[in-house]
file my_file_35.cif (mmCIF, C-alpha atoms and all ligand atoms)
data_input
#
loop_
_atom_site.label_atom_id
_atom_site.label_comp_id
_atom_site.auth_asym_id
_atom_site.auth_seq_id
_atom_site.Cartn_x
_atom_site.Cartn_y
_atom_site.Cartn_z
CA MET A 1 -138.67 72.09 124.65
CA LYS A 2 -140.45 69.98 127.24
CA VAL A 3 -139.25 66.87 129.06
CA ASP A 4 -142.07 65.19 130.98
CA GLY A 5 -144.01 68.45 130.97
CA LYS A 6 -141.14 70.63 132.24
CA HIS A 7 -139.47 73.16 129.94
CA TYR A 8 -135.74 72.71 129.50
CA ARG A 9 -133.00 74.31 127.51
CA SER A 10 -129.88 72.23 126.80
CA ILE A 11 -127.70 74.64 128.85
CA TRP A 12 -128.60 77.24 131.47
CA PHE A 13 -127.21 79.28 134.35
CA ASN A 14 -128.56 78.09 137.70
CA ASP A 15 -128.86 81.35 139.58
CA ALA A 16 -129.41 79.76 143.00
CA GLU A 17 -126.28 77.56 142.71
CA LYS A 18 -124.33 80.09 140.60
CA LYS A 19 -123.42 77.24 138.27
CA VAL A 20 -123.76 76.46 134.58
CA GLU A 21 -125.80 73.31 134.09
CA ILE A 22 -126.25 71.07 131.07
CA ILE A 23 -128.13 67.95 130.09
CA ASP A 24 -125.42 65.27 129.95
CA GLN A 25 -126.27 63.79 126.55
CA ARG A 26 -124.03 60.75 126.89
CA TRP A 27 -126.75 58.99 128.86
CA LEU A 28 -129.73 59.66 126.63
CA PRO A 29 -132.13 58.16 125.69
CA HIS A 30 -132.01 55.86 128.69
CA GLU A 31 -131.18 58.28 131.48
CA PHE A 32 -131.86 61.99 131.83
CA ARG A 33 -128.98 63.48 133.80
CA VAL A 34 -128.20 67.11 134.54
CA VAL A 35 -124.63 68.05 135.50
CA ALA A 36 -122.94 71.29 136.55
CA LEU A 37 -119.80 72.53 134.78
CA ASP A 38 -117.66 74.43 137.23
CA ASN A 39 -114.18 74.99 135.79
CA ARG A 40 -112.26 75.09 132.51
CA ASP A 41 -111.53 71.35 132.59
CA ASP A 42 -115.24 70.53 132.99
CA PHE A 43 -116.07 72.68 129.97
CA ALA A 44 -113.33 71.20 127.80
CA ALA A 45 -114.33 67.65 128.73
CA ALA A 46 -118.01 68.39 128.12
CA ILE A 47 -117.31 69.58 124.57
CA ARG A 48 -114.54 67.12 123.64
CA ASP A 49 -116.24 64.02 125.08
CA MET A 50 -119.68 65.02 123.82
CA TRP A 51 -121.61 65.54 127.04
CA VAL A 52 -122.86 68.39 124.87
CA ARG A 53 -122.62 68.33 121.09
CA GLY A 54 -124.17 69.97 118.05
CA ALA A 55 -122.61 73.09 116.57
CA PRO A 56 -124.77 75.79 118.23
CA LEU A 57 -124.65 74.16 121.66
CA ILE A 58 -120.89 73.72 121.43
CA GLY A 59 -120.66 77.50 120.81
CA ALA A 60 -122.95 78.35 123.73
CA THR A 61 -121.04 76.02 126.05
CA ALA A 62 -117.73 77.57 125.05
CA ALA A 63 -119.12 81.04 125.78
CA TYR A 64 -120.02 79.98 129.32
CA GLY A 65 -116.62 78.28 129.61
CA VAL A 66 -114.97 81.64 128.97
CA ALA A 67 -117.24 83.27 131.58
CA VAL A 68 -116.30 80.70 134.23
CA GLU A 69 -112.61 81.19 133.45
CA MET A 70 -113.03 84.97 133.79
CA ARG A 71 -114.36 84.33 137.29
CA ASP A 72 -111.21 82.29 138.04
CA ASP A 73 -108.56 84.14 136.03
CA PRO A 74 -109.66 87.37 134.34
CA SER A 75 -106.12 88.37 133.25
CA ASP A 76 -105.14 88.92 129.59
CA GLU A 77 -103.22 85.68 129.76
CA GLY A 78 -106.26 83.88 131.20
CA LEU A 79 -108.39 85.14 128.32
CA ASP A 80 -105.90 84.09 125.64
CA ASN A 81 -105.38 80.71 127.29
CA ILE A 82 -109.04 79.82 127.56
CA TRP A 83 -109.54 80.71 123.88
CA GLU A 84 -106.80 78.26 122.85
CA PHE A 85 -107.80 75.63 125.39
CA LEU A 86 -111.45 75.43 124.36
CA HIS A 87 -110.74 75.94 120.65
CA ALA A 88 -108.68 72.73 120.68
CA THR A 89 -111.60 70.59 121.87
CA ARG A 90 -113.42 69.97 118.56
CA PRO A 91 -112.21 71.09 115.13
CA THR A 92 -115.19 71.04 112.77
CA ALA A 93 -118.14 72.99 114.22
CA ILE A 94 -117.40 76.64 113.44
CA ASN A 95 -119.75 77.94 116.14
CA LEU A 96 -116.99 77.13 118.63
CA ARG A 97 -114.56 79.61 117.08
CA TRP A 98 -117.37 82.08 116.49
CA ALA A 99 -118.44 82.10 120.15
CA LEU A 100 -114.84 82.29 121.43
CA ASN A 101 -114.16 85.26 119.14
CA VAL A 102 -117.34 87.05 120.23
CA MET A 103 -116.32 86.62 123.87
CA ARG A 104 -112.68 87.66 123.36
CA ASP A 105 -113.61 90.72 121.28
CA LEU A 106 -115.98 91.88 124.03
CA LEU A 107 -113.69 91.14 126.97
CA LYS A 108 -110.26 92.19 125.72
CA PRO A 109 -110.87 95.96 125.95
CA LEU A 110 -112.39 95.68 129.47
CA PRO A 111 -110.35 95.92 132.67
CA PRO A 112 -109.91 92.44 134.24
CA GLU A 113 -112.21 93.21 137.21
CA LYS A 114 -115.13 93.89 134.84
CA ARG A 115 -114.64 90.80 132.67
CA ALA A 116 -116.48 88.10 134.61
CA GLU A 117 -119.77 89.97 134.88
CA ALA A 118 -119.69 91.01 131.22
CA ALA A 119 -118.80 87.48 130.14
CA TYR A 120 -121.69 85.81 131.99
CA LYS A 121 -124.08 88.40 130.52
CA ARG A 122 -122.81 87.86 126.96
CA ALA A 123 -122.90 84.07 127.29
CA ALA A 124 -126.54 84.30 128.37
CA GLU A 125 -127.24 86.54 125.38
CA ILE A 126 -125.58 84.06 123.00
CA CYS A 127 -127.95 81.41 124.33
CA ASP A 128 -130.99 83.65 123.91
CA GLU A 129 -129.89 84.65 120.40
CA ASP A 130 -129.53 80.99 119.44
CA VAL A 131 -133.06 80.27 120.64
CA GLU A 132 -134.44 83.16 118.59
CA CYS A 133 -132.45 82.16 115.46
CA ASN A 134 -133.80 78.64 115.69
CA ARG A 135 -137.35 79.84 116.24
CA MET A 136 -137.05 81.92 113.07
CA ILE A 137 -135.56 78.95 111.18
CA GLY A 138 -138.75 77.13 112.15
CA VAL A 139 -140.96 79.97 110.94
CA ASN A 140 -139.09 80.13 107.61
CA GLY A 141 -138.87 76.36 107.16
CA LEU A 142 -142.57 76.02 107.89
CA GLU A 143 -143.32 77.86 104.64
CA ILE A 144 -141.50 75.14 102.66
CA ILE A 145 -143.39 72.38 104.48
CA LYS A 146 -146.65 74.22 103.82
CA GLN A 147 -145.86 74.30 100.08
CA ILE A 148 -145.17 70.57 100.05
CA ALA A 149 -148.34 69.86 102.05
CA ALA A 150 -150.36 72.00 99.62
CA LYS A 151 -149.42 69.63 96.77
CA LYS A 152 -150.77 66.64 98.70
CA LYS A 153 -154.31 65.50 99.39
CA PRO A 154 -155.85 67.26 102.43
CA GLY A 155 -154.59 65.67 105.64
CA GLU A 156 -151.93 63.60 103.88
CA VAL A 157 -148.72 63.29 105.86
CA VAL A 158 -145.51 65.13 104.89
CA ASN A 159 -142.60 62.70 105.26
CA ILE A 160 -139.32 64.33 106.27
CA LEU A 161 -135.99 62.53 106.59
CA THR A 162 -133.32 63.84 108.94
CA HIS A 163 -129.79 62.73 109.76
CA CYS A 164 -127.89 62.98 113.04
CA ASN A 165 -129.40 65.14 115.77
CA ALA A 166 -130.00 68.73 114.74
CA GLY A 167 -132.75 69.04 117.30
CA TRP A 168 -133.07 71.16 120.42
CA LEU A 169 -130.40 69.07 122.13
CA ALA A 170 -127.89 70.23 119.50
CA THR A 171 -128.82 73.87 120.07
CA VAL A 172 -130.00 75.82 123.10
CA ASP A 173 -133.65 75.25 122.18
CA TRP A 174 -135.92 74.42 119.20
CA GLY A 175 -133.14 72.82 117.12
CA THR A 176 -132.29 73.76 113.56
CA ALA A 177 -133.55 70.91 111.36
CA THR A 178 -136.30 70.07 113.85
CA SER A 179 -137.61 73.59 114.33
CA PRO A 180 -139.58 73.56 111.03
CA MET A 181 -140.96 70.13 112.04
CA TYR A 182 -142.12 71.39 115.43
CA HIS A 183 -143.59 74.50 113.82
CA ALA A 184 -145.41 72.36 111.25
CA MET A 185 -146.95 70.32 114.05
CA GLU A 186 -148.06 73.49 115.82
CA ALA A 187 -149.58 74.68 112.53
CA GLY A 188 -151.60 71.47 112.29
CA ILE A 189 -149.71 70.00 109.32
CA PRO A 190 -149.35 66.23 109.75
CA VAL A 191 -145.67 65.31 109.58
CA HIS A 192 -143.83 62.04 109.92
CA ILE A 193 -140.08 61.92 110.45
CA TRP A 194 -137.66 59.28 109.20
CA VAL A 195 -134.87 59.38 111.78
CA ASP A 196 -131.49 58.08 110.55
CA GLU A 197 -129.81 56.19 113.39
CA THR A 198 -126.51 57.95 112.46
CA ARG A 199 -123.69 55.57 113.16
CA PRO A 200 -121.29 55.53 114.85
CA ARG A 201 -122.51 57.65 117.79
CA ASN A 202 -126.19 57.07 116.96
CA GLN A 203 -127.28 60.66 117.59
CA GLY A 204 -130.43 59.88 115.60
CA ALA A 205 -131.35 56.79 117.59
CA HIS A 206 -130.29 58.21 120.95
CA LEU A 207 -131.22 61.89 120.68
CA THR A 208 -133.49 62.76 117.75
CA ALA A 209 -135.77 59.79 118.43
CA TRP A 210 -135.87 60.78 122.12
CA GLU A 211 -136.87 64.32 121.17
CA MET A 212 -139.59 63.01 118.85
CA VAL A 213 -141.00 60.75 121.58
CA HIS A 214 -141.07 63.58 124.12
CA HIS A 215 -142.67 66.03 121.71
CA GLY A 216 -145.14 63.48 120.34
CA VAL A 217 -143.87 63.70 116.75
CA PRO A 218 -144.77 60.66 114.61
CA HIS A 219 -141.50 59.06 113.52
CA HIS A 220 -139.65 55.86 112.66
CA LEU A 221 -136.03 55.09 113.35
CA ILE A 222 -134.28 53.76 110.25
CA VAL A 223 -130.79 52.44 109.59
CA ASP A 224 -128.54 54.85 107.79
CA ASN A 225 -128.69 52.84 104.59
CA ALA A 226 -132.49 52.90 104.26
CA GLY A 227 -132.93 56.49 103.05
CA GLY A 228 -132.16 55.88 99.37
CA HIS A 229 -134.64 53.01 99.18
CA LEU A 230 -137.37 55.07 100.85
CA MET A 231 -136.76 57.92 98.42
CA GLN A 232 -137.00 55.57 95.41
CA HIS A 233 -140.43 54.51 96.64
CA GLY A 234 -141.80 58.04 97.14
CA LYS A 235 -141.74 57.80 100.92
CA VAL A 236 -139.64 60.92 101.53
CA ASP A 237 -141.04 64.35 100.60
CA MET A 238 -138.04 66.31 101.76
CA VAL A 239 -134.81 66.04 103.71
CA ILE A 240 -133.84 68.57 106.38
CA VAL A 241 -130.46 68.32 108.09
CA GLY A 242 -128.33 70.63 110.21
CA THR A 243 -124.74 71.65 109.64
CA ASP A 244 -121.56 72.14 111.63
CA ARG A 245 -120.05 74.56 109.16
CA THR A 246 -121.32 75.99 105.88
CA THR A 247 -118.94 77.80 103.56
CA ALA A 248 -119.46 81.26 102.08
CA HIS A 249 -120.25 79.47 98.80
CA GLY A 250 -122.86 77.15 100.32
CA ASP A 251 -120.99 73.84 100.77
CA VAL A 252 -122.39 72.08 103.82
CA CYS A 253 -120.34 70.15 106.36
CA ASN A 254 -122.42 67.90 108.60
CA LYS A 255 -122.37 64.55 110.34
CA ILE A 256 -120.81 61.71 108.35
CA GLY A 257 -123.36 60.21 105.97
CA THR A 258 -125.12 63.46 105.11
CA TYR A 259 -123.43 63.57 101.68
CA LEU A 260 -124.82 60.15 100.76
CA LYS A 261 -128.32 61.31 101.66
CA ALA A 262 -127.88 64.36 99.45
CA LEU A 263 -126.75 62.17 96.52
CA ALA A 264 -129.75 59.90 96.93
CA ALA A 265 -132.06 62.91 97.23
CA LYS A 266 -130.67 64.43 94.01
CA ASP A 267 -131.10 61.14 92.14
CA ASN A 268 -134.71 60.90 93.25
CA GLY A 269 -135.75 64.54 92.90
CA VAL A 270 -136.29 64.89 96.66
CA PRO A 271 -135.67 68.44 97.97
CA PHE A 272 -132.66 68.54 100.30
CA TYR A 273 -132.66 71.45 102.76
CA VAL A 274 -130.11 72.48 105.36
CA ALA A 275 -131.19 74.48 108.43
CA LEU A 276 -128.63 76.75 110.06
CA PRO A 277 -128.24 79.81 112.24
CA SER A 278 -125.84 82.37 110.75
CA PRO A 279 -123.00 81.71 113.28
CA THR A 280 -122.62 78.35 111.49
CA ILE A 281 -121.53 80.10 108.28
CA ASP A 282 -117.75 80.31 107.95
CA TRP A 283 -117.27 83.36 105.74
CA THR A 284 -113.52 82.64 105.50
CA VAL A 285 -113.79 79.33 103.62
CA PHE A 286 -115.22 78.62 100.17
CA ASP A 287 -114.50 75.05 99.08
CA GLY A 288 -115.79 72.83 101.87
CA VAL A 289 -114.18 69.58 100.73
CA LYS A 290 -110.72 71.12 100.54
CA GLU A 291 -110.85 73.62 103.38
CA ILE A 292 -112.95 72.29 106.29
CA PRO A 293 -111.02 70.20 108.85
CA ILE A 294 -112.83 66.91 109.44
CA GLU A 295 -112.64 65.58 112.97
CA GLU A 296 -111.27 62.03 113.27
CA ARG A 297 -112.67 60.47 116.42
CA ASP A 298 -111.72 57.44 118.47
CA ASP A 299 -112.16 54.12 116.63
CA ASP A 300 -113.90 52.80 119.74
CA GLU A 301 -116.98 54.67 118.56
CA VAL A 302 -117.08 52.41 115.48
CA THR A 303 -116.11 49.09 117.02
CA LYS A 304 -118.43 49.43 120.03
CA VAL A 305 -122.05 50.49 120.51
CA GLN A 306 -123.87 51.71 123.60
CA GLY A 307 -127.28 50.40 124.55
CA LYS A 308 -129.57 49.20 127.31
CA LEU A 309 -129.64 45.58 128.43
CA GLU A 310 -132.94 43.89 129.25
CA ASP A 311 -132.26 44.40 132.96
CA GLY A 312 -132.03 48.16 132.35
CA THR A 313 -128.24 48.49 132.62
CA VAL A 314 -126.73 50.90 130.10
CA THR A 315 -123.51 49.45 128.69
CA ARG A 316 -121.21 49.30 125.65
CA VAL A 317 -120.55 46.16 123.64
CA GLN A 318 -117.96 45.38 121.01
CA ILE A 319 -119.39 44.52 117.58
CA SER A 320 -116.21 43.72 115.64
CA PRO A 321 -113.50 41.09 116.00
CA ASP A 322 -110.66 41.71 118.45
CA GLY A 323 -107.91 43.41 116.48
CA THR A 324 -110.05 45.06 113.77
CA PRO A 325 -109.21 48.75 113.71
CA GLY A 326 -112.02 51.27 113.14
CA GLY A 327 -111.82 54.36 110.91
CA ASN A 328 -113.88 57.26 112.17
CA PRO A 329 -114.20 60.48 110.12
CA ALA A 330 -116.98 62.27 112.00
CA PHE A 331 -118.22 64.67 109.29
CA ASP A 332 -118.48 64.98 105.52
CA VAL A 333 -119.11 67.80 103.08
CA THR A 334 -122.11 68.04 100.79
CA PRO A 335 -121.29 70.27 97.80
CA SER A 336 -123.68 73.18 97.32
CA ARG A 337 -124.92 71.78 93.98
CA LEU A 338 -126.72 69.01 95.90
CA VAL A 339 -128.45 71.40 98.31
CA THR A 340 -131.91 72.70 97.39
CA GLY A 341 -131.81 75.57 99.87
CA LEU A 342 -130.45 76.92 103.15
CA ILE A 343 -133.01 77.73 105.84
CA THR A 344 -131.66 80.53 108.03
CA GLU A 345 -133.08 82.94 110.59
CA ARG A 346 -133.33 85.59 107.87
CA GLY A 347 -135.07 83.43 105.31
CA VAL A 348 -134.41 80.66 102.81
CA CYS A 349 -131.73 81.08 100.16
CA GLU A 350 -129.94 79.19 97.44
CA ALA A 351 -126.80 77.37 98.63
CA SER A 352 -124.44 79.64 96.75
CA LYS A 353 -122.24 82.68 97.17
CA GLU A 354 -125.01 84.87 95.73
CA GLY A 355 -127.74 83.26 97.82
CA LEU A 356 -125.88 83.76 101.10
CA ALA A 357 -124.71 87.25 100.15
CA GLY A 358 -128.33 88.20 99.43
CA LEU A 359 -129.39 87.31 102.97
CA PHE A 360 -126.21 88.50 104.75
CA PRO A 361 -124.85 91.38 102.66
CA GLU A 362 -122.86 92.76 105.61
CA LYS A 363 -120.83 89.53 105.83
CA ALA A 364 -120.16 88.78 102.18
CA SER A 365 -116.94 90.07 100.69
O1 LIG B 1 -120.73 65.23 116.43
P1 LIG B 1 -121.96 66.04 116.76
O2 LIG B 1 -123.03 65.26 117.45
O3 LIG B 1 -121.59 67.33 117.48
O4 LIG B 1 -122.52 66.44 115.35
C1 LIG B 1 -123.69 67.23 115.27
C2 LIG B 1 -124.20 67.39 113.91
O5 LIG B 1 -123.63 66.95 112.93
C3 LIG B 1 -125.42 68.22 113.76
O6 LIG B 1 -126.21 67.75 112.72
C4 LIG B 1 -124.96 69.65 113.49
O7 LIG B 1 -124.17 70.12 114.54
C5 LIG B 1 -126.08 70.56 113.30
S1 LIG B 1 -126.77 70.91 114.83
C6 LIG B 1 -127.95 71.99 114.89
#

call {"tool": "encode", "arguments": {"input": "my_file_35.cif", "output": "structure tokens"}}
result
Amino acid sequence: MKVDGKHYRSIWFNDAEKKVEIIDQRWLPHEFRVVALDNRDDFAAAIRDMWVRGAPLIGATAAYGVAVEMRDDPSDEGLDNIWEFLHATRPTAINLRWALNVMRDLLKPLPPEKRAEAAYKRAAEICDEDVECNRMIGVNGLEIIKQIAAKKKPGEVVNILTHCNAGWLATVDWGTATSPMYHAMEAGIPVHIWVDETRPRNQGAHLTAWEMVHHGVPHHLIVDNAGGHLMQHGKVDMVIVGTDRTTAHGDVCNKIGTYLKALAAKDNGVPFYVALPSPTIDWTVFDGVKEIPIEERDDDEVTKVQGKLEDGTVTRVQISPDGTPGGNPAFDVTPSRLVTGLITERGVCEASKEGLAGLFPEKAS
């Protein structure tokens, strides 16, 4: 997508510098900074400390992390080590394990001297594949938005609520939840987005809102608790969120607070869709609440918030009393019964074993 008229992806290989570069998302929306990642420690820090975040982008970053390590240590031991090292950075988004497995399966049979070149090539392909998946999610999700628009008066706005950032910054490009929104805009359907601020890290306020501003999408930032009220008053036509891991039976793990939005949507008859590329499906787990590990993050994220002072300085301030501990589960699981449909690159399906197996028969057991 474009930033001030220039096209960016969230990660890319800078051919001239021979370096992997990313947008350092810790500074958005106030500062747009690009940084190079040059060794295994850079990659681990970037994923763990959320310079990059969002399930698909975490996977793409890990793939390039393996490539950089193959440049530095292409031995069998180096390959096994980097898998473990990067896998330990964040536990919930399954795209991390998926990308590491893709890289290891490709590289293991190759002689060490061939590994670096093959790894850089495959990492670039993983990025391109993610872009294409997300484009297709947009094409498929657009059909749902068209159906909702068709039930409204001509020109009437379709109001979509989203949680967290499942936009292009969470992927390589397009985004998952945002891709149908961007496609709807391109198709001339008037949309308006309710952007949940998404405490504690405020990915909605910091990232989704920034994307909306830069792409010219009409939107309002709302506090996380406003969604239910807006739904009761007919101000939300649909919800679209992303996911960090979806089980083979259609349970959806996503940023903390997603479950409450799904409950409110169910109570108000608002369709609740989840947009995901297929690497986000974990075919080895079935019951999301019992089986998906939920990342517990630093309580600092709850007791402090980051923002810009009137003089332009970006800083963090404490919002709770000294001595109050924070609790910080970063994700929750929305059971499949609350999900209206899954929007994937292959089409839209029911959030169920049968629905997913219908779209991905080669994966279902
Ligand atoms: O903790 P984060 O910012 O990595 O969490 C991201 C999300 O929960 C996104 O909604 C999810 O990864 C889907 S991204 C396309």

call {"tool": "residues_near_ligand", "arguments": {"input": "my_file_35.cif", "ligand": "ligand LIG 1 (chain B)", "cutoff": "6 Å", "atoms": "only C-alpha atoms and all ligand atoms", "output": "ChimeraX atom specification"}}
result
/A:53-56,164-166,170-171,175-176,242-244,254-255

call {"tool": "residues_around", "arguments": {"input": "my_file_35.cif", "residues": "range 119-136 of chain A", "least_positions_apart": "4", "cutoff": "10 Å", "atoms": "only C-alpha atoms", "output": "ChimeraX atom specification"}}
result
/A:9-13,20,56-57,59-71,99,102-104,106-107,114-115,140-142,167-168,171-180,182-183,275-279,343-347

call {"tool": "atom_distance", "arguments": {"input": "my_file_35.cif", "atom1": "CA of Ile160 in chain A", "atom2": "CA of Val139 in chain A"}}
result
16.4 Å

call {"tool": "residues_around", "arguments": {"input": "my_file_35.cif", "residues": "range 76-88 of chain A", "least_positions_apart": "2", "cutoff": "7 Å", "atoms": "all atoms listed in the file", "output": "ChimeraX atom specification"}}
result
/A:44,62,66,73-74,90-91,96-97,100

call {"tool": "residues_around", "arguments": {"input": "my_file_35.cif", "residues": "Arg245 in chain A", "least_positions_apart": "5", "cutoff": "9 Å", "atoms": "only C-alpha atoms", "output": "list in words"}}
result
Ala55, Thr92, Ala93, Ile94, Asn95, Asp251, Val252, Cys253, Asn254, Leu276, Pro279, Thr280, Ile281, Asp282, Gly288 and Ile292 of chain A

call {"tool": "atom_distance", "arguments": {"input": "my_file_35.cif", "atom1": "CA of Pro154 in chain A", "atom2": "CA of Glu211 in chain A"}}
result
26.8 Å

call {"tool": "residues_around", "arguments": {"input": "my_file_35.cif", "residues": "His215 in chain A", "least_positions_apart": "6", "cutoff": "10 Å", "atoms": "only C-alpha atoms", "output": "PyMOL selection string"}}
result
chain A and resi 1-5+182+185+209

call {"tool": "write_last_selection", "arguments": {"input": "my_file_35.cif", "atoms": "C-alpha atoms", "output": "PDB file, in the frame of the given file"}}
result
ATOM      1  CA  MET A   1    -138.670  72.090 124.650  1.00  0.00           C
ATOM      2  CA  LYS A   2    -140.450  69.980 127.240  1.00  0.00           C
ATOM      3  CA  VAL A   3    -139.250  66.870 129.060  1.00  0.00           C
ATOM      4  CA  ASP A   4    -142.070  65.190 130.980  1.00  0.00           C
ATOM      5  CA  GLY A   5    -144.010  68.450 130.970  1.00  0.00           C
ATOM      6  CA  TYR A 182    -142.120  71.390 115.430  1.00  0.00           C
ATOM      7  CA  MET A 185    -146.950  70.320 114.050  1.00  0.00           C
ATOM      8  CA  ALA A 209    -135.770  59.790 118.430  1.00  0.00           C
TER       9      ALA A 209
END

call {"tool": "atom_distance", "arguments": {"input": "my_file_35.cif", "atom1": "CA of Thr247 in chain A", "atom2": "CA of Val285 in chain A"}}
result
5.4 Å

call {"tool": "closest_residue", "arguments": {"input": "my_file_35.cif", "among": "A:Val34, A:Ile23, A:Ala248, A:Ile144", "to": "Lys353 in chain A", "atoms": "only C-alpha atoms"}}
result
A:Ala248

call {"tool": "residues_around", "arguments": {"input": "my_file_35.cif", "residues": "range 333-336 of chain A", "least_positions_apart": "3", "cutoff": "12 Å", "atoms": "all atoms listed in the file", "output": "CSV table (one decimal) with C-alpha atoms, keeping the file's coordinate frame"}}
result
chain,number,residue,atom,x,y,z
A,92,THR,CA,-115.2,71.0,112.8
A,241,VAL,CA,-130.5,68.3,108.1
A,242,GLY,CA,-128.3,70.6,110.2
A,243,THR,CA,-124.7,71.6,109.6
A,244,ASP,CA,-121.6,72.1,111.6
A,245,ARG,CA,-120.0,74.6,109.2
A,246,THR,CA,-121.3,76.0,105.9
A,247,THR,CA,-118.9,77.8,103.6
A,248,ALA,CA,-119.5,81.3,102.1
A,249,HIS,CA,-120.2,79.5,98.8
A,250,GLY,CA,-122.9,77.2,100.3
A,251,ASP,CA,-121.0,73.8,100.8
A,252,VAL,CA,-122.4,72.1,103.8
A,253,CYS,CA,-120.3,70.2,106.4
A,254,ASN,CA,-122.4,67.9,108.6
A,255,LYS,CA,-122.4,64.6,110.3
A,256,ILE,CA,-120.8,61.7,108.4
A,257,GLY,CA,-123.4,60.2,106.0
A,258,THR,CA,-125.1,63.5,105.1
A,259,TYR,CA,-123.4,63.6,101.7
A,260,LEU,CA,-124.8,60.2,100.8
A,261,LYS,CA,-128.3,61.3,101.7
A,262,ALA,CA,-127.9,64.4,99.4
A,263,LEU,CA,-126.8,62.2,96.5
A,264,ALA,CA,-129.8,59.9,96.9
A,265,ALA,CA,-132.1,62.9,97.2
A,266,LYS,CA,-130.7,64.4,94.0
A,272,PHE,CA,-132.7,68.5,100.3
A,273,TYR,CA,-132.7,71.4,102.8
A,274,VAL,CA,-130.1,72.5,105.4
A,286,PHE,CA,-115.2,78.6,100.2
A,287,ASP,CA,-114.5,75.0,99.1
A,288,GLY,CA,-115.8,72.8,101.9
A,289,VAL,CA,-114.2,69.6,100.7
A,290,LYS,CA,-110.7,71.1,100.5
A,291,GLU,CA,-110.8,73.6,103.4
A,292,ILE,CA,-113.0,72.3,106.3
A,293,PRO,CA,-111.0,70.2,108.8
A,294,ILE,CA,-112.8,66.9,109.4
A,329,PRO,CA,-114.2,60.5,110.1
A,330,ALA,CA,-117.0,62.3,112.0
A,339,VAL,CA,-128.4,71.4,98.3
A,340,THR,CA,-131.9,72.7,97.4
A,341,GLY,CA,-131.8,75.6,99.9
A,342,LEU,CA,-130.4,76.9,103.2
A,349,CYS,CA,-131.7,81.1,100.2
A,350,GLU,CA,-129.9,79.2,97.4
A,351,ALA,CA,-126.8,77.4,98.6
A,352,SER,CA,-124.4,79.6,96.8
A,353,LYS,CA,-122.2,82.7,97.2
A,354,GLU,CA,-125.0,84.9,95.7
A,355,GLY,CA,-127.7,83.3,97.8
A,356,LEU,CA,-125.9,83.8,101.1

call {"tool": "build_atoms", "arguments": {"input": "my_file_35.cif", "residues": "range 21-30 of chain A", "atoms": "N, CA, C and O atoms", "output": "short mmCIF file (atom, residue, chain, number, x, y, z; two decimals), in the coordinates of the input"}}
result
data_model
loop_
_atom_site.label_atom_id
_atom_site.label_comp_id
_atom_site.auth_asym_id
_atom_site.auth_seq_id
_atom_site.Cartn_x
_atom_site.Cartn_y
_atom_site.Cartn_z
N GLU A 21 -125.35 74.70 134.12
CA GLU A 21 -125.80 73.31 134.09
C GLU A 21 -126.14 72.90 132.65
O GLU A 21 -126.56 73.73 131.85
N ILE A 22 -125.94 71.62 132.39
CA ILE A 22 -126.25 71.07 131.07
C ILE A 22 -126.99 69.74 131.24
O ILE A 22 -126.92 69.12 132.30
N ILE A 23 -127.64 69.33 130.16
CA ILE A 23 -128.13 67.95 130.09
C ILE A 23 -126.95 67.12 129.59
O ILE A 23 -126.38 67.41 128.53
N ASP A 24 -126.55 66.12 130.35
CA ASP A 24 -125.42 65.27 129.95
C ASP A 24 -125.93 64.25 128.92
O ASP A 24 -126.53 63.23 129.26
N GLN A 25 -125.64 64.55 127.64
CA GLN A 25 -126.27 63.79 126.55
C GLN A 25 -125.70 62.40 126.36
O GLN A 25 -126.26 61.60 125.61
N ARG A 26 -124.61 62.09 127.05
CA ARG A 26 -124.03 60.75 126.89
C ARG A 26 -124.97 59.66 127.37
O ARG A 26 -124.84 58.51 127.00
N TRP A 27 -125.91 60.02 128.23
CA TRP A 27 -126.75 58.99 128.86
C TRP A 27 -128.11 58.83 128.20
O TRP A 27 -128.85 57.90 128.51
N LEU A 28 -128.45 59.77 127.32
CA LEU A 28 -129.73 59.66 126.63
C LEU A 28 -129.65 58.55 125.58
O LEU A 28 -128.59 58.30 125.03
N PRO A 29 -130.75 57.88 125.28
CA PRO A 29 -132.13 58.16 125.69
C PRO A 29 -132.54 57.46 126.99
O PRO A 29 -133.67 57.59 127.41
N HIS A 30 -131.59 56.73 127.59
CA HIS A 30 -132.01 55.86 128.69
C HIS A 30 -132.05 56.56 130.03
O HIS A 30 -132.81 56.19 130.91
#
